[in-house]
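Just below is one structure, and these are the notes that go with it.
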Amino acid sequence: MTDTKLQTPKYALKNGELLPWNDAVLHIGSEAVNRGLSVFEGIKGYWRVDGEFGLLALRKHYDRLCRSARLLHIPFETSFDEFEAQVLTLTHALLQPGADLWLRATLFVVEGHWGENTRADFFMTAYQCSQELSSPVSLGISTWQRSSDNSVSYRIKSASNYQVGRLARIEGRTSGYDDMILLNQWGRVAEATGAAILLVRDGRVLTPDHSEGALESITVDIVEALACSLNVPFERRPIDRTELHIAQEIGLCGTLAELISGHSFCTVPLNQDVTTLKTLHDAFFDIVRGRRDLPQVEITSLRP
Ligand code: PMP
């Protein structure tokens with residue numbers, strides 16, 4: 001996984017205006033600071049073999065941001081065209097040869113006590129990412145539970161939704177795992193701390209339905225389309241905890257995680273040879289690097 005946390009890029013965008021990094025700040029009186037009220041998207045851009053730079057699934061990220069904002073009653077007036085223009089402005093400002101980009105588009109609520117007259121500022125930041133492929137990770141099961149649709153719904157990509165994932169990561173570090181799988185209120189598989197979960201059983205790729213506690217993942221949709229194009233069976237269904245213990249492969253899937261396989265689950269080694277997830281991983285990179293097209297995958301290209 002790419003580590004973006006220590007970077008201080010030159011610029012950030014606030015309500016469409018390009019600002020020096022140090023000027024992109026929130027007031028301590030804002031709702032975002034006091035109550036952790038914000039919704040966001042993480043977007044990935046890749047250098048492609050033809051020399052262009054391709055941003056993945058902008059429309060889907062915009063649509064999910066609109067859904068998150070709507071579910072938390074945060075007004076968001078930016079149109080898709082404006083959103084896309086902002087992404088391109090920041091990409092042009094920060095793009096460097098040889099480094100991919102991870103952009104974060106966040107609506108931080110700045111006014112609106114208890115939901116009265118809510119107003120948000122729209123910030124965009126972007127961080128350089130290495131093009132190196134991620135190494136396989138060790139996975140465990142967290143004792144923390146994924147929130148349900150009736151609390152802070154897993155469907156909302158809000159800052160507050162990551163508090164449980166943070167606790168699970170801390171728990172994982174203490175137990176020696178790179179990442180943790182969270183179960184839902186029924187004890188079935190929900191997702192990882194910052195990615196969806198894929199399992200392989202007898203050549204079939206399985207992932208939990210959204211209503212099992214999984215964010216509506218854009219990368220999972222892409223992987224499903226890839227699996228379909230490669231005739232790899234792909235199924236969304238409830239997944240029992242014990243299925244994790246008998247799966248041949250387990251992987252993480254998300255914008256930043258891309259497709260990382262697990263080398264072990266609860267300390268038991270997993271298959272690392274030529275595998276179904278490796279096939280999907282390679283196909284995913286063929287698409288994002290521009291070696292192959294798939295009509296379902298939308299890429300916004302720019303020539304720097
Ligand atoms: N679940 C969680 C909790 C996540 O943070 C992410 C990453 N955004 C995902 C799933 C995967 O979603 P996507 O493929 O849209 O990035």
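In the structure tokens, each chain is lettered A, B, ... as it comes, each chain's residues begin at 1, and ligands are numbered from 1 in order of appearance.
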Extract the full set of strand (DSSP E) residues from stretch 221-263 of chain A according to DSSP on the backbone, and format it as a PyMOL selection string.
chain A and resi 234-236+249-254+258-263
Emit the selected residues as an mmCIF file, in the first residue's frame, including C-alpha atoms.
```
data_model
loop_
_atom_site.group_PDB
_atom_site.id
_atom_site.type_symbol
_atom_site.label_atom_id
_atom_site.label_comp_id
_atom_site.auth_asym_id
_atom_site.auth_seq_id
_atom_site.Cartn_x
_atom_site.Cartn_y
_atom_site.Cartn_z
ATOM 1 C CA PHE A 234 -17.534 -13.768 -9.449
ATOM 2 C CA GLU A 235 -20.227 -13.799 -6.763
ATOM 3 C CA ARG A 236 -21.500 -11.259 -4.224
ATOM 4 C CA GLU A 249 -6.917 -16.958 -1.410
ATOM 5 C CA ILE A 250 -7.883 -13.744 0.361
ATOM 6 C CA GLY A 251 -7.230 -10.286 -1.049
ATOM 7 C CA LEU A 252 -7.819 -6.614 -0.340
ATOM 8 C CA CYS A 253 -9.422 -4.496 -3.034
ATOM 9 C CA GLY A 254 -9.731 -0.709 -3.179
ATOM 10 C CA GLU A 258 -5.625 -1.796 -5.678
ATOM 11 C CA LEU A 259 -5.529 -5.594 -5.454
ATOM 12 C CA ILE A 260 -3.252 -6.883 -2.704
ATOM 13 C CA SER A 261 -3.204 -10.551 -1.883
ATOM 14 C CA GLY A 262 -2.915 -11.893 1.643
ATOM 15 C CA HIS A 263 0.138 -14.090 2.249
#
```
Could you list, as a ChimeraX atom specification, all protein and nucleic acid residues with an atom at most 7 Å from ligand 1, counting only C-alpha atoms and all ligand atoms?
/A:41-42,191-196,214-220,253-256
Would you export the selected residues with N, CA, C and O atoms as a PDB file, in the first residue's frame, please?
```
ATOM      1  N   GLU A  41     -13.601  11.304  -0.909  1.00  0.00           N
ATOM      2  CA  GLU A  41     -13.289  10.263  -1.889  1.00  0.00           C
ATOM      3  C   GLU A  41     -11.779  10.197  -2.057  1.00  0.00           C
ATOM      4  O   GLU A  41     -11.099  11.227  -2.006  1.00  0.00           O
ATOM      5  N   GLY A  42     -11.274   9.009  -2.270  1.00  0.00           N
ATOM      6  CA  GLY A  42      -9.873   8.837  -2.675  1.00  0.00           C
ATOM      7  C   GLY A  42      -9.879   8.405  -4.130  1.00  0.00           C
ATOM      8  O   GLY A  42     -10.610   7.490  -4.505  1.00  0.00           O
ATOM      9  N   GLU A 191     -15.622  -6.113   5.687  1.00  0.00           N
ATOM     10  CA  GLU A 191     -14.548  -5.590   4.834  1.00  0.00           C
ATOM     11  C   GLU A 191     -13.300  -5.391   5.672  1.00  0.00           C
ATOM     12  O   GLU A 191     -13.302  -5.662   6.881  1.00  0.00           O
ATOM     13  N   ALA A 192     -12.239  -4.896   5.048  1.00  0.00           N
ATOM     14  CA  ALA A 192     -11.009  -4.593   5.793  1.00  0.00           C
ATOM     15  C   ALA A 192     -11.090  -3.153   6.279  1.00  0.00           C
ATOM     16  O   ALA A 192     -12.117  -2.483   6.137  1.00  0.00           O
ATOM     17  N   THR A 193     -10.013  -2.638   6.863  1.00  0.00           N
ATOM     18  CA  THR A 193     -10.078  -1.304   7.470  1.00  0.00           C
ATOM     19  C   THR A 193     -10.177  -0.191   6.414  1.00  0.00           C
ATOM     20  O   THR A 193     -10.799   0.829   6.667  1.00  0.00           O
ATOM     21  N   GLY A 194      -9.563  -0.413   5.247  1.00  0.00           N
ATOM     22  CA  GLY A 194      -9.627   0.617   4.204  1.00  0.00           C
ATOM     23  C   GLY A 194      -9.761   0.003   2.827  1.00  0.00           C
ATOM     24  O   GLY A 194      -9.325   0.587   1.833  1.00  0.00           O
ATOM     25  N   ALA A 195     -10.352  -1.166   2.763  1.00  0.00           N
ATOM     26  CA  ALA A 195     -10.489  -1.855   1.473  1.00  0.00           C
ATOM     27  C   ALA A 195     -11.574  -2.919   1.585  1.00  0.00           C
ATOM     28  O   ALA A 195     -11.925  -3.341   2.690  1.00  0.00           O
ATOM     29  N   ALA A 196     -12.066  -3.339   0.429  1.00  0.00           N
ATOM     30  CA  ALA A 196     -13.023  -4.450   0.394  1.00  0.00           C
ATOM     31  C   ALA A 196     -12.257  -5.771   0.474  1.00  0.00           C
ATOM     32  O   ALA A 196     -11.042  -5.801   0.322  1.00  0.00           O
ATOM     33  N   ALA A 214     -20.259  -3.464   3.723  1.00  0.00           N
ATOM     34  CA  ALA A 214     -19.145  -3.077   2.859  1.00  0.00           C
ATOM     35  C   ALA A 214     -19.468  -1.776   2.125  1.00  0.00           C
ATOM     36  O   ALA A 214     -20.570  -1.622   1.595  1.00  0.00           O
ATOM     37  N   LEU A 215     -18.498  -0.877   2.092  1.00  0.00           N
ATOM     38  CA  LEU A 215     -18.635   0.334   1.287  1.00  0.00           C
ATOM     39  C   LEU A 215     -18.939  -0.068  -0.162  1.00  0.00           C
ATOM     40  O   LEU A 215     -18.488  -1.122  -0.610  1.00  0.00           O
ATOM     41  N   GLU A 216     -19.672   0.783  -0.877  1.00  0.00           N
ATOM     42  CA  GLU A 216     -19.961   0.479  -2.281  1.00  0.00           C
ATOM     43  C   GLU A 216     -18.694   0.743  -3.089  1.00  0.00           C
ATOM     44  O   GLU A 216     -18.480   1.837  -3.615  1.00  0.00           O
ATOM     45  N   SER A 217     -17.850  -0.259  -3.160  1.00  0.00           N
ATOM     46  CA  SER A 217     -16.492  -0.098  -3.707  1.00  0.00           C
ATOM     47  C   SER A 217     -16.488   0.016  -5.222  1.00  0.00           C
ATOM     48  O   SER A 217     -17.081  -0.808  -5.931  1.00  0.00           O
ATOM     49  N   ILE A 218     -15.756   1.013  -5.694  1.00  0.00           N
ATOM     50  CA  ILE A 218     -15.616   1.231  -7.135  1.00  0.00           C
ATOM     51  C   ILE A 218     -14.627   0.213  -7.722  1.00  0.00           C
ATOM     52  O   ILE A 218     -14.820  -0.304  -8.818  1.00  0.00           O
ATOM     53  N   THR A 219     -13.591  -0.114  -6.954  1.00  0.00           N
ATOM     54  CA  THR A 219     -12.594  -1.076  -7.453  1.00  0.00           C
ATOM     55  C   THR A 219     -13.196  -2.482  -7.564  1.00  0.00           C
ATOM     56  O   THR A 219     -12.881  -3.216  -8.503  1.00  0.00           O
ATOM     57  N   VAL A 220     -14.057  -2.842  -6.605  1.00  0.00           N
ATOM     58  CA  VAL A 220     -14.690  -4.161  -6.697  1.00  0.00           C
ATOM     59  C   VAL A 220     -15.532  -4.247  -7.978  1.00  0.00           C
ATOM     60  O   VAL A 220     -15.521  -5.267  -8.671  1.00  0.00           O
ATOM     61  N   CYS A 253      -9.089  -5.120  -1.762  1.00  0.00           N
ATOM     62  CA  CYS A 253      -9.422  -4.496  -3.034  1.00  0.00           C
ATOM     63  C   CYS A 253      -9.938  -3.083  -2.790  1.00  0.00           C
ATOM     64  O   CYS A 253     -10.905  -2.898  -2.047  1.00  0.00           O
ATOM     65  N   GLY A 254      -9.287  -2.086  -3.366  1.00  0.00           N
ATOM     66  CA  GLY A 254      -9.731  -0.709  -3.179  1.00  0.00           C
ATOM     67  C   GLY A 254      -8.885   0.245  -4.003  1.00  0.00           C
ATOM     68  O   GLY A 254      -7.883  -0.164  -4.611  1.00  0.00           O
ATOM     69  N   THR A 255      -9.257   1.510  -3.999  1.00  0.00           N
ATOM     70  CA  THR A 255      -8.557   2.502  -4.811  1.00  0.00           C
ATOM     71  C   THR A 255      -7.071   2.557  -4.454  1.00  0.00           C
ATOM     72  O   THR A 255      -6.212   2.547  -5.327  1.00  0.00           O
ATOM     73  N   LEU A 256      -6.763   2.634  -3.177  1.00  0.00           N
ATOM     74  CA  LEU A 256      -5.364   2.739  -2.756  1.00  0.00           C
ATOM     75  C   LEU A 256      -4.726   1.354  -2.641  1.00  0.00           C
ATOM     76  O   LEU A 256      -3.572   1.160  -3.004  1.00  0.00           O
TER      77      LEU A 256
END
```
Excluding stretch 18-25 of chain A and any residue of its chain fewer than 3 positions from it, enumerate the residues within 8 Å of it, using only C-alpha atoms, and give them as a list of chain:residue names.
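Within the cut-off, the hits are A:Thr8, A:Pro9, A:Lys10, A:Tyr11, A:Ala12, A:Leu13, A:Lys14, A:Leu90, A:Phe123.
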Record the distance separating atom CA of A:Cys266 and atom CA of A:Leu139, expressed in Å with one decimal.
6.2 Å
Non-local contacts of stretch 160-163 of chain A (9 Å; only C-alpha atoms; under 4 positions in same chain excluded) as a list in words:
Arg35, Gly36, Leu37, Ser38, Val39, Ser147, Val152, Ser153, Tyr154, Ile156, Leu167, Ala168, Thr193 and Gly194 of chain A
Residues just named, written with N, CA and C atoms as a PDB file, in the first residue's frame:
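Once everything was written out, this is selection-v1.pdb:
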```pdb
ATOM      1  N   ARG A  35     -16.638  17.927  15.331  1.00  0.00           N
ATOM      2  CA  ARG A  35     -17.441  16.705  15.337  1.00  0.00           C
ATOM      3  C   ARG A  35     -17.008  15.693  14.274  1.00  0.00           C
ATOM      4  N   GLY A  36     -15.848  15.963  13.676  1.00  0.00           N
ATOM      5  CA  GLY A  36     -15.341  15.012  12.665  1.00  0.00           C
ATOM      6  C   GLY A  36     -16.274  14.879  11.479  1.00  0.00           C
ATOM      7  N   LEU A  37     -16.949  15.991  11.128  1.00  0.00           N
ATOM      8  CA  LEU A  37     -17.986  15.912  10.097  1.00  0.00           C
ATOM      9  C   LEU A  37     -17.411  16.239   8.714  1.00  0.00           C
ATOM     10  N   SER A  38     -17.130  15.193   7.973  1.00  0.00           N
ATOM     11  CA  SER A  38     -16.653  15.374   6.598  1.00  0.00           C
ATOM     12  C   SER A  38     -16.934  14.101   5.811  1.00  0.00           C
ATOM     13  N   VAL A  39     -17.070  14.249   4.507  1.00  0.00           N
ATOM     14  CA  VAL A  39     -17.181  13.081   3.619  1.00  0.00           C
ATOM     15  C   VAL A  39     -16.136  13.248   2.522  1.00  0.00           C
ATOM     16  N   SER A 147     -19.634  -0.919  11.678  1.00  0.00           N
ATOM     17  CA  SER A 147     -20.893  -0.271  12.049  1.00  0.00           C
ATOM     18  C   SER A 147     -22.004  -0.726  11.093  1.00  0.00           C
ATOM     19  N   VAL A 152     -23.568   4.607  11.933  1.00  0.00           N
ATOM     20  CA  VAL A 152     -22.947   5.401  10.860  1.00  0.00           C
ATOM     21  C   VAL A 152     -22.798   4.440   9.686  1.00  0.00           C
ATOM     22  N   SER A 153     -23.699   4.525   8.742  1.00  0.00           N
ATOM     23  CA  SER A 153     -23.757   3.492   7.695  1.00  0.00           C
ATOM     24  C   SER A 153     -22.429   3.355   6.957  1.00  0.00           C
ATOM     25  N   TYR A 154     -22.049   2.099   6.720  1.00  0.00           N
ATOM     26  CA  TYR A 154     -20.863   1.761   5.921  1.00  0.00           C
ATOM     27  C   TYR A 154     -20.966   2.319   4.510  1.00  0.00           C
ATOM     28  N   ILE A 156     -21.649   5.345   3.815  1.00  0.00           N
ATOM     29  CA  ILE A 156     -21.207   6.745   3.823  1.00  0.00           C
ATOM     30  C   ILE A 156     -19.700   6.779   3.998  1.00  0.00           C
ATOM     31  N   LEU A 167      -9.096   1.614  15.087  1.00  0.00           N
ATOM     32  CA  LEU A 167      -8.929   0.741  16.257  1.00  0.00           C
ATOM     33  C   LEU A 167      -8.520  -0.668  15.816  1.00  0.00           C
ATOM     34  N   ALA A 168      -9.128  -1.113  14.717  1.00  0.00           N
ATOM     35  CA  ALA A 168      -8.788  -2.455  14.217  1.00  0.00           C
ATOM     36  C   ALA A 168      -7.333  -2.505  13.752  1.00  0.00           C
ATOM     37  N   THR A 193     -10.013  -2.638   6.863  1.00  0.00           N
ATOM     38  CA  THR A 193     -10.078  -1.304   7.470  1.00  0.00           C
ATOM     39  C   THR A 193     -10.177  -0.191   6.414  1.00  0.00           C
ATOM     40  N   GLY A 194      -9.563  -0.413   5.247  1.00  0.00           N
ATOM     41  CA  GLY A 194      -9.627   0.617   4.204  1.00  0.00           C
ATOM     42  C   GLY A 194      -9.761   0.003   2.827  1.00  0.00           C
TER      43      GLY A 194
END
```
Name all residues at most 10 Å from A:Glu77 (count only C-alpha atoms; drop same-chain ones fewer than 3 positions away) and give them as a VMD selection string.
chain A and resid 66 74 80 82 120 122
